[in-house]
Amino acid sequence: APAAPETKPSPPVPAPAQAPPAAPRKVKKAHLGLVVEGPLPRGEIKVFANGELVLETPFRGLPDPTGRSRGGFRLIQHLALPPASYVLRFQIGSPAPTPFFAETDFALVLEEGSDTTLKVEPKRMPARIKITRLPSASEAK
């Protein structure tokens, strides 16, 4: 009796060709400028973005023309953050002779590729931090 022909499994049917996935689009970070100035002789500023520490830096007072500190300071910082909605927490502290500590939260939405500048001013009596959003170059028309 002739042997039954072997049945070979049929080759897999190739799936229809799919376009390769598009390369992920590069997301432009948002730029956040901070201009921090106030009457404190020295101290430290910390900035948290949604609970994550993104800046921790000391500051010192600006000398007057005679070389003595005039007791004020100015600090300019630039941060690059992913576009998102943020709650920024600012903490500013200064040691003796006149200790100072204040913190405040500031809600801010940073759009992709945007350029935002905040003026951050520690104030005394009562200790607080005033934050003002400065108009960007594109807004100041």
# chains A, B, ... in the order shown; residues from 1 in each chain; ligands from 1
>>> residues_around(residues="Gly113 in chain A", least_positions_apart="5", cutoff="12 Å", atoms="only C-alpha atoms", output="compact mmCIF listing (two decimals) with C-alpha atoms, in the first residue's frame")
# COMPACT_ATOMS: atom_id res chain seq x y z
CA LYS A 26 12.11 65.66 19.88
CA VAL A 27 10.30 67.67 22.54
CA LYS A 28 11.75 71.11 23.06
CA LYS A 29 12.29 71.94 26.69
CA ALA A 30 10.75 75.03 28.20
CA HIS A 31 13.16 77.67 29.45
CA LEU A 32 12.55 79.22 32.85
CA ALA A 80 15.40 73.95 31.17
CA LEU A 81 12.35 71.86 32.10
CA PRO A 82 10.11 69.51 30.13
CA PRO A 83 6.85 71.18 29.07
CA ALA A 84 4.24 70.51 31.76
>>> residues_around(residues="Thr116 in chain A", least_positions_apart="5", cutoff="12 Å", atoms="only C-alpha atoms", output="MDAnalysis selection string")
chainID A and resid 29:35 77:81 83 108:111 132:139
>>> closest_residue(among="A:Arg124, A:Lys46, A:Arg74, A:Arg60", to="Asp105 in chain A", atoms="only C-alpha atoms")
A:Lys46
>>> closest_atom_pairs(of="range 82-121 of chain A", to="range 37-42 of chain A", cutoff="12 Å", atoms="only C-alpha atoms", output="CSV")
residue,atom,partner,partner_atom,distance
A:Ile92,CA,A:Leu40,CA,9.8
A:Gly93,CA,A:Arg42,CA,8.5
A:Ser94,CA,A:Arg42,CA,5.9
A:Pro95,CA,A:Arg42,CA,7.5
A:Ala96,CA,A:Arg42,CA,9.5
A:Pro97,CA,A:Pro41,CA,9.5
A:Thr98,CA,A:Leu40,CA,8.8
A:Pro99,CA,A:Leu40,CA,9.2
A:Phe100,CA,A:Leu40,CA,8.2
A:Phe101,CA,A:Leu40,CA,10.6
A:Leu118,CA,A:Glu37,CA,11.1
A:Lys119,CA,A:Glu37,CA,7.8
A:Val120,CA,A:Glu37,CA,6.6
A:Glu121,CA,A:Glu37,CA,5.4
>>> atom_distance(atom1="CA of Ser114 in chain A", atom2="CA of Leu75 in chain A")
21.3 Å
>>> atom_distance(atom1="CA of Arg25 in chain A", atom2="CA of Val54 in chain A")
24.7 Å
>>> closest_residue(among="A:Met125, A:Val87, A:Ala102, A:Ile131", to="Leu53 in chain A", atoms="only C-alpha atoms")
A:Val87
>>> atom_distance(atom1="CA of Lys130 in chain A", atom2="CA of Ala107 in chain A")
13.3 Å
